[in-house]
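A.B. asks: Contents of start_18.json (JSON, C-alpha atoms) are below:
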[["chain", "number", "residue", "atom", "x", "y", "z"],
["O", 1002, "MET", "CA", 6.49, -23.06, 35.03],
["O", 1003, "LYS", "CA", 7.28, -23.96, 31.42],
["O", 1004, "ASN", "CA", 4.55, -26.65, 31.41],
["O", 1005, "ARG", "CA", 2.04, -24.15, 32.83],
["O", 1006, "ILE", "CA", 2.75, -21.65, 30.02],
["O", 1007, "ILE", "CA", 2.46, -24.41, 27.42],
["O", 1008, "LYS", "CA", -0.92, -25.44, 28.88],
["O", 1009, "ILE", "CA", -2.17, -21.84, 28.81],
["O", 1010, "VAL", "CA", -1.01, -21.36, 25.22],
["O", 1011, "SER", "CA", -2.57, -24.70, 24.23],
["O", 1012, "LEU", "CA", -5.85, -23.74, 25.88],
["O", 1013, "VAL", "CA", -5.91, -20.34, 24.19],
["O", 1014, "PHE", "CA", -5.19, -21.75, 20.76],
["O", 1015, "GLY", "CA", -7.67, -24.58, 21.34],
["O", 1016, "VAL", "CA", -10.35, -21.96, 22.06],
["O", 1017, "TYR", "CA", -9.24, -20.07, 18.95],
["O", 1018, "PHE", "CA", -9.66, -23.04, 16.66],
["O", 1019, "LEU", "CA", -12.95, -24.15, 18.21],
["O", 1020, "SER", "CA", -14.60, -20.73, 18.35],
["O", 1021, "GLY", "CA", -13.21, -19.03, 15.27],
["O", 1022, "CYS", "CA", -12.24, -16.06, 17.45],
["O", 1023, "THR", "CA", -8.75, -14.67, 17.81],
["O", 1024, "ALA", "CA", -6.71, -14.64, 20.96],
["O", 1025, "LEU", "CA", -3.75, -12.55, 21.96],
["O", 1026, "VAL", "CA", -1.14, -14.13, 24.18],
["O", 1027, "VAL", "CA", 1.20, -11.72, 25.90],
["O", 1028, "GLY", "CA", 3.80, -13.20, 28.19],
["O", 1029, "GLY", "CA", 1.76, -16.38, 28.58],
["O", 1030, "VAL", "CA", -1.42, -14.54, 29.62],
["O", 1031, "ALA", "CA", -4.48, -14.76, 27.42],
["O", 1032, "ALA", "CA", -6.11, -11.42, 26.67],
["O", 1033, "GLY", "CA", -9.61, -11.41, 25.20],
["O", 1034, "ALA", "CA", -9.62, -15.08, 24.29],
["O", 1035, "THR", "CA", -13.12, -15.17, 22.87],
["O", 1036, "SER", "CA", -15.75, -12.67, 21.85],
["O", 1037, "GLY", "CA", -17.96, -14.03, 24.64],
["O", 1038, "ALA", "CA", -15.30, -13.16, 27.21],
["O", 1039, "VAL", "CA", -14.98, -9.66, 25.77],
["O", 1040, "VAL", "CA", -18.75, -9.16, 25.88],
["O", 1041, "ALA", "CA", -18.81, -10.30, 29.52],
["O", 1042, "THR", "CA", -16.31, -7.61, 30.55],
["O", 1043, "ASP", "CA", -17.38, -4.85, 28.14],
["O", 1044, "PRO", "CA", -19.32, -2.04, 29.87],
["O", 1045, "ARG", "CA", -21.87, -2.14, 27.05],
["O", 1046, "SER", "CA", -24.61, -4.75, 27.13],
["O", 1047, "SER", "CA", -24.19, -7.78, 24.87],
["O", 1048, "ASP", "CA", -26.93, -6.30, 22.67],
["O", 1049, "GLY", "CA", -24.95, -3.06, 22.57],
["O", 1050, "VAL", "CA", -21.77, -4.81, 21.45],
["O", 1051, "PHE", "CA", -23.53, -6.70, 18.66],
["O", 1052, "SER", "CA", -25.52, -3.60, 17.69],
["O", 1053, "ASP", "CA", -22.25, -1.67, 17.33],
["O", 1054, "GLN", "CA", -20.81, -4.42, 15.12],
["O", 1055, "GLU", "CA", -23.89, -4.29, 12.91],
["O", 1056, "LEU", "CA", -23.87, -0.49, 12.84],
["O", 1057, "ARG", "CA", -20.21, -0.45, 11.82],
["O", 1058, "GLY", "CA", -21.01, -2.67, 8.84],
["O", 1059, "LYS", "CA", -23.98, -0.56, 7.75],
["O", 1060, "VAL", "CA", -22.02, 2.69, 7.93],
["O", 1061, "SER", "CA", -19.08, 1.14, 6.08],
["O", 1062, "ASP", "CA", -21.40, -0.18, 3.34],
["O", 1063, "ALA", "CA", -23.10, 3.24, 2.97],
["O", 1064, "ILE", "CA", -19.75, 5.02, 2.60],
["O", 1065, "ASP", "CA", -18.41, 2.40, 0.16],
["O", 1066, "ALA", "CA", -21.53, 2.78, -2.01],
["O", 1067, "THR", "CA", -21.15, 6.57, -2.12],
["O", 1068, "ILE", "CA", -17.36, 6.90, -2.33],
["O", 1069, "PRO", "CA", -15.95, 3.92, -4.26],
["O", 1070, "GLY", "CA", -12.27, 3.18, -3.66],
["O", 1071, "ASN", "CA", -12.13, 5.17, -0.41],
["O", 1072, "ASN", "CA", -9.76, 4.39, 2.42],
["O", 1073, "VAL", "CA", -12.15, 5.09, 5.31],
["O", 1074, "GLU", "CA", -12.12, 3.00, 8.47],
["O", 1075, "VAL", "CA", -15.32, 2.90, 10.53],
["O", 1076, "THR", "CA", -15.37, 2.24, 14.27],
["O", 1077, "SER", "CA", -18.56, 2.09, 16.33],
["O", 1078, "TYR", "CA", -18.83, 2.32, 20.10],
["O", 1079, "ASP", "CA", -22.17, 2.82, 21.88],
["O", 1080, "HIS", "CA", -23.71, 4.04, 18.60],
["O", 1081, "ASN", "CA", -21.04, 6.72, 18.19],
["O", 1082, "ILE", "CA", -19.11, 6.45, 14.93],
["O", 1083, "LEU", "CA", -15.44, 7.26, 14.43],
["O", 1084, "LEU", "CA", -14.29, 7.81, 10.84],
["O", 1085, "THR", "CA", -10.54, 7.65, 10.14],
["O", 1086, "GLY", "CA", -8.41, 7.08, 7.07],
["O", 1087, "GLN", "CA", -7.98, 9.11, 3.92],
["O", 1088, "VAL", "CA", -10.07, 10.44, 1.04],
["O", 1089, "ILE", "CA", -9.00, 12.55, -1.94],
["O", 1090, "SER", "CA", -11.18, 15.63, -1.31],
["O", 1091, "ALA", "CA", -13.00, 17.68, 1.33],
["O", 1092, "GLU", "CA", -16.20, 16.87, -0.55],
["O", 1093, "ASN", "CA", -15.65, 13.12, -0.02],
["O", 1094, "LYS", "CA", -14.87, 13.73, 3.65],
["O", 1095, "ALA", "CA", -18.20, 15.55, 4.05],
["O", 1096, "LYS", "CA", -20.02, 12.85, 2.06],
["O", 1097, "ALA", "CA", -18.66, 10.12, 4.32],
["O", 1098, "GLU", "CA", -19.90, 11.94, 7.42],
["O", 1099, "SER", "CA", -23.28, 12.60, 5.82],
["O", 1100, "MET", "CA", -23.72, 8.94, 4.88],
["O", 1101, "ALA", "CA", -22.80, 7.85, 8.41],
["O", 1102, "LEU", "CA", -25.34, 10.23, 9.95],
["O", 1103, "GLN", "CA", -28.10, 8.83, 7.70],
["O", 1104, "VAL", "CA", -27.72, 5.31, 9.08],
["O", 1105, "PRO", "CA", -30.44, 4.64, 11.67],
["O", 1106, "LYS", "CA", -29.30, 4.44, 15.31],
["O", 1107, "VAL", "CA", -26.11, 6.50, 14.76],
["O", 1108, "ARG", "CA", -25.97, 9.03, 17.60],
["O", 1109, "LYS", "CA", -22.84, 11.00, 16.76],
["O", 1110, "VAL", "CA", -20.07, 10.98, 14.15],
["O", 1111, "TYR", "CA", -16.46, 11.88, 14.89],
["O", 1112, "ASN", "CA", -14.99, 12.68, 11.49],
["O", 1113, "TYR", "CA", -11.18, 12.45, 11.62],
["O", 1114, "ILE", "CA", -10.74, 11.50, 7.96],
["O", 1115, "GLU", "CA", -7.63, 13.06, 6.43],
["O", 1116, "ILE", "CA", -7.62, 14.55, 2.94],
["O", 1117, "GLY", "CA", -4.85, 13.09, 0.83],
["O", 1118, "LYS", "CA", -3.59, 9.87, -0.68],
["O", 1119, "SER", "CA", -4.01, 6.58, 1.12],
["O", 1120, "GLN", "CA", -1.32, 5.80, 3.64],
["O", 1121, "SER", "CA", 1.47, 3.41, 2.76],
["O", 1122, "ALA", "CA", 1.59, -0.24, 3.74],
["O", 1123, "SER", "CA", 4.48, 0.53, 6.09],
["O", 1124, "GLN", "CA", 2.42, 3.21, 7.86],
["O", 1125, "SER", "CA", -0.50, 0.78, 8.16],
["O", 1126, "SER", "CA", 1.86, -1.77, 9.73],
["O", 1127, "LYS", "CA", 3.18, 0.88, 12.11],
["O", 1128, "ASP", "CA", -0.42, 1.79, 13.09],
["O", 1129, "THR", "CA", -1.20, -1.87, 13.78],
["O", 1130, "TYR", "CA", 1.91, -2.15, 15.93],
["O", 1131, "LEU", "CA", 1.03, 1.03, 17.87],
["O", 1132, "THR", "CA", -2.50, -0.23, 18.55],
["O", 1133, "SER", "CA", -1.16, -3.56, 19.84],
["O", 1134, "ALA", "CA", 1.48, -1.85, 21.97],
["O", 1135, "ILE", "CA", -1.12, 0.44, 23.55],
["O", 1136, "LYS", "CA", -3.47, -2.46, 24.30],
["O", 1137, "SER", "CA", -0.58, -4.38, 25.87],
["O", 1138, "ASN", "CA", 0.36, -1.33, 27.94],
["O", 1139, "LEU", "CA", -3.26, -1.04, 29.13],
["O", 1140, "LEU", "CA", -3.18, -4.66, 30.33],
["O", 1141, "PHE", "CA", -0.58, -3.67, 32.90],
["O", 1142, "SER", "CA", -2.11, -0.33, 33.97],
["O", 1143, "LYS", "CA", -3.71, -0.42, 37.41],
["O", 1144, "GLY", "CA", -7.35, 0.59, 37.65],
["O", 1145, "VAL", "CA", -8.17, 0.24, 33.95],
["O", 1146, "SER", "CA", -9.45, -2.53, 31.73],
["O", 1147, "SER", "CA", -8.39, -2.76, 28.11],
["O", 1148, "ASN", "CA", -11.88, -4.12, 27.36],
["O", 1149, "ASP", "CA", -13.41, -0.75, 28.35],
["O", 1150, "VAL", "CA", -11.80, 1.05, 25.43],
["O", 1151, "LYS", "CA", -11.51, 0.85, 21.66],
["O", 1152, "VAL", "CA", -8.05, 1.78, 20.42],
["O", 1153, "VAL", "CA", -7.83, 2.96, 16.81],
["O", 1154, "THR", "CA", -4.61, 4.22, 15.23],
["O", 1155, "SER", "CA", -4.47, 6.09, 11.94],
["O", 1156, "ASN", "CA", -1.29, 7.73, 10.66],
["O", 1157, "SER", "CA", 0.27, 7.42, 14.16],
["O", 1158, "ILE", "CA", -2.63, 9.33, 15.75],
["O", 1159, "VAL", "CA", -4.39, 7.28, 18.44],
["O", 1160, "TYR", "CA", -8.13, 7.52, 19.06],
["O", 1161, "LEU", "CA", -9.59, 6.16, 22.29],
["O", 1162, "MET", "CA", -13.33, 5.45, 22.62],
["O", 1163, "GLY", "CA", -15.17, 3.94, 25.55],
["O", 1164, "MET", "CA", -17.33, 4.34, 28.62],
["O", 1165, "VAL", "CA", -14.97, 5.19, 31.48],
["O", 1166, "ASP", "CA", -14.70, 7.32, 34.58],
["O", 1167, "PRO", "CA", -12.35, 10.35, 34.62],
["O", 1168, "TYR", "CA", -9.58, 8.41, 36.43],
["O", 1169, "GLN", "CA", -9.66, 5.63, 33.82],
["O", 1170, "ALA", "CA", -9.70, 8.18, 31.00],
["O", 1171, "LYS", "CA", -6.59, 9.88, 32.33],
["O", 1172, "LYS", "CA", -4.74, 6.57, 32.85],
["O", 1173, "MET", "CA", -5.69, 5.27, 29.39],
["O", 1174, "ALA", "CA", -4.59, 8.46, 27.64],
["O", 1175, "GLN", "CA", -1.33, 8.41, 29.62],
["O", 1176, "SER", "CA", -0.73, 4.74, 28.67],
["O", 1177, "ALA", "CA", -1.22, 5.60, 25.00],
["O", 1178, "ARG", "CA", 1.11, 8.60, 25.15],
["O", 1179, "GLU", "CA", 3.88, 6.44, 26.67],
["O", 1180, "ILE", "CA", 4.25, 4.42, 23.48],
["O", 1181, "ASP", "CA", 7.11, 5.57, 21.28],
["O", 1182, "GLY", "CA", 5.88, 6.67, 17.84],
["O", 1183, "VAL", "CA", 2.47, 8.01, 18.90],
["O", 1184, "LYS", "CA", 2.05, 11.51, 17.43],
["O", 1185, "GLN", "CA", -1.16, 12.46, 19.21],
["O", 1186, "VAL", "CA", -3.86, 10.95, 21.43],
["O", 1187, "VAL", "CA", -7.50, 11.91, 20.82],
["O", 1188, "THR", "CA", -9.93, 10.91, 23.58],
["O", 1189, "LEU", "CA", -13.57, 10.37, 22.60],
["O", 1190, "PHE", "CA", -14.81, 8.97, 25.90],
["O", 1191, "GLU", "CA", -18.25, 8.87, 27.42],
["O", 1192, "TYR", "CA", -17.86, 9.48, 31.13],
["O", 1193, "VAL", "CA", -19.66, 7.30, 33.65],
["O", 1194, "THR", "CA", -19.93, 7.74, 37.39],
["O", 1195, "GLU", "CA", -20.31, 5.00, 39.96]]
Please go through the file and, once you have read it, give me the structure as structure tokens.
C.D. replies:
Amino acid sequence: MKNRIIKIVSLVFGVYFLSGCTALVVGGVAAGATSGAVVATDPRSSDGVFSDQELRGKVSDAIDATIPGNNVEVTSYDHNILLTGQVISAENKAKAESMALQVPKVRKVYNYIEIGKSQSASQSSKDTYLTSAIKSNLLFSKGVSSNDVKVVTSNSIVYLMGMVDPYQAKKMAQSAREIDGVKQVVTLFEYVTE
């Protein structure tokens, strides 16, 4: 058994170094070893995944050009944009949303930016931990795939985006709520039917 785990870990890290992509190993099981594997299991088309990555960059650049020194995180899923983080005024919050809406191909903007000072490094670390814990919890939830959802955590509030059916949505939200330290779960799903 020990040799099998070592081989799996070696394979995962070998893929990591050859592809330049990250891998997460949880209990000896590789999760999302390469971006190609993620694309293959993502409900969006490969063009959709890459389009979302490009869109995220364009929205982020537009906000950075308009609001220098902001602390806004941009997430894109199926051309829907989620804005989280902090800005110093309601005016900057509105500006960020306006800039996102002006980027071609953006369908909808979910503006969850908080008004106030940027969160501390310890809160950022806690958010990173919560996101990882939720993704790990999703790996072991029956009937759901962690690749079907984007998990974003800001100030201990969890945002879930993805294309799922109602059963998956309920299970994913429940999995997120089970993690100690989560203040709130906001679901921003697009519902699909079989």
A.B. asks: Here is a test: counting all atoms listed in the file, which residue of O:Thr1076, O:Asn1081, O:Asn1148, O:Ser1133 is nearest to Ala1177 of chain O?
C.D. replies: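 Closest candidate: O:Ser1133.
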A.B. asks: Report, in Å to a single decimal, how far apart atom CA of Phe1141 of chain O and atom CA of Ser1155 of chain O are.
C.D. replies: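 Here the two named atoms are 23.4 Å from each other.
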A.B. asks: Mind pulling up the distance from atom CA of Ser1126 of chain O to atom CA of Ile1180 of chain O?
C.D. replies: 15.3 Å
A.B. asks: One decimal, in Å: what's the spacing between atom CA of Met1100 of chain O and atom CA of Pro1069 of chain O?
C.D. replies: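 Spanning atom CA of Met1100 of chain O to atom CA of Pro1069 of chain O is a straight-line distance of 13.0 Å.
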A.B. asks: Of the candidates O:Val1104, O:Ile1158, O:Ala1066, O:Ala1122, which shows the shortest atom-to-atom distance to Val1186 of chain O, using all atoms listed in the file?
C.D. replies: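 Comparing O:Val1104, O:Ile1158, O:Ala1066, O:Ala1122 against Val1186 of chain O, the winner is O:Ile1158.
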A.B. asks: Point out the residue among O:Lys1151, O:Lys1172, O:Ser1146, O:Thr1085 with the least atom-to-atom distance to Val1050 of chain O, counting all atoms listed in the file.
C.D. replies: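 So, comparing all the options, the nearest one is O:Lys1151.
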A.B. asks: With a distance cut-off of 9 Å and only C-alpha atoms, select the neighbouring residues of Val1107 of chain O, excluding the residue or stretch itself and same-chain residues fewer than 3 positions from it, and output the selection as a short mmCIF file (atom, residue, chain, number, x, y, z; two decimals) with C-alpha atoms, in the coordinates of the input.
C.D. replies:
data_model
loop_
_atom_site.label_atom_id
_atom_site.label_comp_id
_atom_site.auth_asym_id
_atom_site.auth_seq_id
_atom_site.Cartn_x
_atom_site.Cartn_y
_atom_site.Cartn_z
CA LEU O 1056 -23.87 -0.49 12.84
CA VAL O 1060 -22.02 2.69 7.93
CA SER O 1077 -18.56 2.09 16.33
CA ASP O 1079 -22.17 2.82 21.88
CA HIS O 1080 -23.71 4.04 18.60
CA ASN O 1081 -21.04 6.72 18.19
CA ILE O 1082 -19.11 6.45 14.93
CA ALA O 1101 -22.80 7.85 8.41
CA LEU O 1102 -25.34 10.23 9.95
CA GLN O 1103 -28.10 8.83 7.70
CA VAL O 1104 -27.72 5.31 9.08
CA VAL O 1110 -20.07 10.98 14.15
#
A.B. asks: Please list, as a list in words, the residues that have an atom at most 9 Å away from (-15.3, 14.1, 5.3) in the coordinates of this file, counting all atoms listed in the file.
C.D. replies: Leu1084, Gln1087, Val1088, Ser1090, Ala1091, Glu1092, Asn1093, Lys1094, Ala1095, Lys1096, Ala1097, Glu1098, Ser1099, Asn1112, Tyr1113, Ile1114, Glu1115 and Ile1116 of chain O
A.B. asks: Restricting the calculation to only C-alpha atoms: of O:Lys1171, O:Lys1184, O:Lys1059, O:Lys1109, which residue gets closest to Val1145 of chain O?
C.D. replies: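 The closest residue to Val1145 of chain O is O:Lys1171.
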A.B. asks: So that I can check the surroundings of Lys1127 of chain O, please list as JSON, numbers by chain every protein, DNA and RNA residue that reaches within 10 Å of it, counting all atoms listed in the file and ignoring chain neighbours fewer than 2 positions away.
C.D. replies: {"O": [1121, 1122, 1123, 1124, 1125, 1129, 1130, 1131, 1132, 1133, 1154, 1155, 1156, 1157, 1182, 1183]}
A.B. asks: Nearest residue to Met1162 of chain O out of O:Asn1072, O:Ser1147, O:Ser1052, O:Thr1194, using all atoms listed in the file?
C.D. replies: O:Ser1147
A.B. asks: Which is closer to Phe1051 of chain O than all the others in O:Asp1065, O:Tyr1078, O:Val1152, O:Val1159, using all atoms listed in the file?
C.D. replies: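 Nearest candidate to Phe1051 of chain O out of O:Asp1065, O:Tyr1078, O:Val1152, O:Val1159: O:Tyr1078.
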A.B. asks: Give as a count of residues only the set of residues within 6 Å of the point (-12.5, 8.4, 28.5), where distances use the file's coordinates and only C-alpha atoms.
C.D. replies: 5
A.B. asks: Would you kindly place N, CA and C atoms on segment 1168-1195 of chain O and return the model as an mmCIF file, keeping the file's coordinate frame?
C.D. replies:
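What landed in selection_3.cif:
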data_model
loop_
_atom_site.group_PDB
_atom_site.id
_atom_site.type_symbol
_atom_site.label_atom_id
_atom_site.label_comp_id
_atom_site.auth_asym_id
_atom_site.auth_seq_id
_atom_site.Cartn_x
_atom_site.Cartn_y
_atom_site.Cartn_z
ATOM 1 N N TYR O 1168 -10.872 9.008 36.066
ATOM 2 C CA TYR O 1168 -9.580 8.410 36.430
ATOM 3 C C TYR O 1168 -9.107 7.452 35.334
ATOM 4 N N GLN O 1169 -10.012 6.581 34.875
ATOM 5 C CA GLN O 1169 -9.660 5.630 33.820
ATOM 6 C C GLN O 1169 -9.262 6.365 32.542
ATOM 7 N N ALA O 1170 -9.998 7.412 32.213
ATOM 8 C CA ALA O 1170 -9.700 8.180 31.000
ATOM 9 C C ALA O 1170 -8.282 8.739 31.042
ATOM 10 N N LYS O 1171 -7.932 9.300 32.178
ATOM 11 C CA LYS O 1171 -6.590 9.880 32.330
ATOM 12 C C LYS O 1171 -5.517 8.797 32.206
ATOM 13 N N LYS O 1172 -5.718 7.665 32.895
ATOM 14 C CA LYS O 1172 -4.740 6.570 32.850
ATOM 15 C C LYS O 1172 -4.606 6.001 31.436
ATOM 16 N N MET O 1173 -5.735 5.828 30.736
ATOM 17 C CA MET O 1173 -5.690 5.270 29.390
ATOM 18 C C MET O 1173 -4.971 6.206 28.425
ATOM 19 N N ALA O 1174 -5.266 7.495 28.506
ATOM 20 C CA ALA O 1174 -4.590 8.460 27.640
ATOM 21 C C ALA O 1174 -3.090 8.480 27.933
ATOM 22 N N GLN O 1175 -2.737 8.430 29.218
ATOM 23 C CA GLN O 1175 -1.330 8.410 29.620
ATOM 24 C C GLN O 1175 -0.634 7.152 29.077
ATOM 25 N N SER O 1176 -1.306 5.993 29.175
ATOM 26 C CA SER O 1176 -0.730 4.740 28.670
ATOM 27 C C SER O 1176 -0.477 4.820 27.169
ATOM 28 N N ALA O 1177 -1.385 5.461 26.450
ATOM 29 C CA ALA O 1177 -1.220 5.600 25.000
ATOM 30 C C ALA O 1177 -0.058 6.530 24.666
ATOM 31 N N ARG O 1178 0.046 7.622 25.412
ATOM 32 C CA ARG O 1178 1.110 8.600 25.150
ATOM 33 C C ARG O 1178 2.504 8.035 25.435
ATOM 34 N N GLU O 1179 2.591 7.024 26.304
ATOM 35 C CA GLU O 1179 3.880 6.440 26.670
ATOM 36 C C GLU O 1179 4.511 5.625 25.544
ATOM 37 N N ILE O 1180 3.738 5.273 24.552
ATOM 38 C CA ILE O 1180 4.250 4.420 23.480
ATOM 39 C C ILE O 1180 5.017 5.260 22.462
ATOM 40 N N ASP O 1181 6.249 4.856 22.223
ATOM 41 C CA ASP O 1181 7.110 5.570 21.280
ATOM 42 C C ASP O 1181 6.508 5.484 19.872
ATOM 43 N N GLY O 1182 6.413 6.629 19.200
ATOM 44 C CA GLY O 1182 5.880 6.670 17.840
ATOM 45 C C GLY O 1182 4.487 7.253 17.756
ATOM 46 N N VAL O 1183 3.808 7.412 18.894
ATOM 47 C CA VAL O 1183 2.470 8.010 18.900
ATOM 48 C C VAL O 1183 2.619 9.519 18.733
ATOM 49 N N LYS O 1184 1.986 10.072 17.687
ATOM 50 C CA LYS O 1184 2.050 11.510 17.430
ATOM 51 C C LYS O 1184 1.094 12.298 18.309
ATOM 52 N N GLN O 1185 -0.107 11.743 18.496
ATOM 53 C CA GLN O 1185 -1.160 12.460 19.210
ATOM 54 C C GLN O 1185 -2.156 11.447 19.756
ATOM 55 N N VAL O 1186 -2.807 11.786 20.870
ATOM 56 C CA VAL O 1186 -3.860 10.950 21.430
ATOM 57 C C VAL O 1186 -5.142 11.772 21.480
ATOM 58 N N VAL O 1187 -6.189 11.251 20.846
ATOM 59 C CA VAL O 1187 -7.500 11.910 20.820
ATOM 60 C C VAL O 1187 -8.448 11.067 21.658
ATOM 61 N N THR O 1188 -9.014 11.645 22.715
ATOM 62 C CA THR O 1188 -9.930 10.910 23.580
ATOM 63 C C THR O 1188 -11.368 11.261 23.219
ATOM 64 N N LEU O 1189 -12.158 10.225 22.971
ATOM 65 C CA LEU O 1189 -13.570 10.370 22.600
ATOM 66 C C LEU O 1189 -14.425 9.568 23.578
ATOM 67 N N PHE O 1190 -14.174 9.764 24.859
ATOM 68 C CA PHE O 1190 -14.810 8.970 25.900
ATOM 69 C C PHE O 1190 -16.205 9.476 26.249
ATOM 70 N N GLU O 1191 -17.018 8.542 26.715
ATOM 71 C CA GLU O 1191 -18.250 8.870 27.420
ATOM 72 C C GLU O 1191 -17.935 8.627 28.876
ATOM 73 N N TYR O 1192 -18.228 9.607 29.720
ATOM 74 C CA TYR O 1192 -17.860 9.480 31.130
ATOM 75 C C TYR O 1192 -19.013 8.910 31.940
ATOM 76 N N VAL O 1193 -18.677 7.936 32.779
ATOM 77 C CA VAL O 1193 -19.660 7.300 33.650
ATOM 78 C C VAL O 1193 -19.238 7.575 35.097
ATOM 79 N N THR O 1194 -20.213 7.578 35.967
ATOM 80 C CA THR O 1194 -19.930 7.740 37.390
ATOM 81 C C THR O 1194 -20.482 6.523 38.106
ATOM 82 N N GLU O 1195 -19.878 6.187 39.211
ATOM 83 C CA GLU O 1195 -20.310 5.000 39.960
ATOM 84 C C GLU O 1195 -21.491 5.339 40.832
#
